[in-house]
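Only one structure is covered here, and it is reproduced in the block below.
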Amino acid sequence: MAVRDEMMEHVPRLRRYARALINNRDLADDLVQDTLERGLRNAAQFRPGTDLRAWLFTIMHNVFVNQVRKPSGHAVHVSVDDDSVAESEFAVSGNQAQSLEVRDLDYALQRLPAEQREVVLLVGLEEMSYAEVAIALDVPIGTVMSRLSRGRERLRALMAGSQPSAKLKVVR
């Protein structure tokens, strides 16, 4: 199977990760498109026999970091008073309890530092091993483990409605 065809199998996972990472459907789809474009352009650099999924997540991580570093005009801002947007676009489904839980989790994930959020999503959502995450993010496994631990701890605290307490030295 050609690398190009194999890449297409990973699109749903890339999209899911990008949407969880960015919290904006349009920007997440742009990130996936940029990732695939870069992957296709550099397909000759992919080493057969290695993990294509990890390679694609590495590309996505690098594209994401580059986009965060340089603010761009990609975001589309729509005024609530904009008549060109149908009111149905703002409608809420009838399963509010589940929607609220998902919203709260998404809110908490967005409050994590980007480094912790990436690791939590790759391990928890994408079910990647620590070694795969370390390769994808180009960090040591110990860094993956500590970011995951701190991220999970902070996520639990945010979901419980409390901020993790900062450890401060008491000066007397």
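By convention here, the chains of the structure tokens are called A, B, ... in the order presented, each chain's residues are numbered starting at 1, and ligands are numbered starting at 1 in the order presented.
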
Proximity of segment 18-43 of chain A to segment 125-139 of chain A: per-residue shortest pair, 12 Å limit, only C-alpha atoms, as CSV:
```
residue,atom,partner,partner_atom,distance
A:Ala18,CA,A:Glu126,CA,11.0
A:Arg19,CA,A:Leu125,CA,11.4
A:Ala20,CA,A:Leu125,CA,8.9
A:Leu21,CA,A:Leu125,CA,10.7
```

Residues from last step as file, N, CA and C atoms, as a tab-separated table (two decimals), in the first residue's frame:
```tsv
chain	number	residue	atom	x	y	z
A	18	ALA	N	-6.92	16.92	16.40
A	18	ALA	CA	-6.85	18.36	16.08
A	18	ALA	C	-8.03	19.11	16.69
A	19	ARG	N	-9.22	18.52	16.63
A	19	ARG	CA	-10.40	19.19	17.19
A	19	ARG	C	-10.31	19.29	18.70
A	20	ALA	N	-9.77	18.27	19.34
A	20	ALA	CA	-9.61	18.33	20.79
A	20	ALA	C	-8.50	19.32	21.16
A	21	LEU	N	-7.49	19.41	20.34
A	21	LEU	CA	-6.35	20.28	20.61
A	21	LEU	C	-6.71	21.75	20.43
```

Requested in this report: Counting only C-alpha atoms, figure out which residue out of A:Ala43, A:Ala28, A:Leu158, A:Leu56 gets nearest to Asp106 of chain A.
Outcome: A:Leu158

**Report entry** Among the residues A:Leu31, A:Ile141, A:Ala44, A:Val63, the one that comes closest to Arg16 of chain A [using only C-alpha atoms]
**Finding:** A:Leu31

Query raised in the report: DSSP on the backbone: what in segment 92-145 of chain A comes out helix (DSSP H, G or I), as a ChimeraX atom specification?
Result: /A:96-111,114-125,130-137,141-145

I'd like the neighbourhood of Glu37 of chain A as a CSV table (one decimal) with N, CA and C atoms, in the first residue's frame, where a residue qualifies if any of its atoms comes within 12 Å (using only C-alpha atoms), though same-chain residues fewer than 3 positions away should be ignored.
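Result file follows (part.csv):
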```csv
chain,number,residue,atom,x,y,z
A,4,ARG,N,0.6,7.3,0.6
A,4,ARG,CA,-0.5,8.2,0.4
A,4,ARG,C,-1.8,7.6,0.8
A,7,MET,N,-1.9,7.1,4.6
A,7,MET,CA,-2.2,8.3,5.3
A,7,MET,C,-3.7,8.6,5.4
A,8,MET,N,-4.4,8.2,4.4
A,8,MET,CA,-5.9,8.5,4.4
A,8,MET,C,-6.6,7.7,5.5
A,11,VAL,N,-6.7,9.8,8.8
A,11,VAL,CA,-7.4,11.1,8.8
A,11,VAL,C,-8.4,11.3,10.0
A,30,ASP,N,-8.3,22.8,9.2
A,30,ASP,CA,-7.2,23.4,8.5
A,30,ASP,C,-5.9,22.8,9.0
A,31,LEU,N,-5.8,22.5,10.3
A,31,LEU,CA,-4.5,21.9,10.8
A,31,LEU,C,-4.4,20.5,10.2
A,32,VAL,N,-5.4,19.7,10.1
A,32,VAL,CA,-5.4,18.4,9.5
A,32,VAL,C,-4.9,18.5,8.0
A,33,GLN,N,-5.5,19.4,7.3
A,33,GLN,CA,-5.2,19.6,5.9
A,33,GLN,C,-3.7,20.0,5.7
A,34,ASP,N,-3.2,21.0,6.6
A,34,ASP,CA,-1.8,21.4,6.6
A,34,ASP,C,-0.9,20.2,6.9
A,40,LEU,N,2.3,14.6,2.6
A,40,LEU,CA,2.4,14.2,1.2
A,40,LEU,C,3.6,14.8,0.5
A,41,ARG,N,3.9,16.1,0.8
A,41,ARG,CA,5.0,16.8,0.2
A,41,ARG,C,6.4,16.1,0.6
A,42,ASN,N,6.4,15.6,1.8
A,42,ASN,CA,7.6,15.0,2.4
A,42,ASN,C,7.5,13.4,2.5
A,43,ALA,N,6.6,12.8,1.7
A,43,ALA,CA,6.4,11.4,1.8
A,43,ALA,C,7.7,10.6,1.5
A,56,LEU,N,2.9,11.2,11.3
A,56,LEU,CA,1.9,12.2,11.0
A,56,LEU,C,1.6,13.1,12.3
A,59,ILE,N,4.3,15.6,12.6
A,59,ILE,CA,4.1,16.7,11.6
A,59,ILE,C,3.0,17.6,12.2
A,60,MET,N,1.9,17.0,12.7
A,60,MET,CA,0.8,17.9,13.2
A,60,MET,C,1.3,18.7,14.4
A,63,VAL,N,3.4,21.6,13.0
A,63,VAL,CA,2.5,22.6,12.4
A,63,VAL,C,1.8,23.4,13.4
```
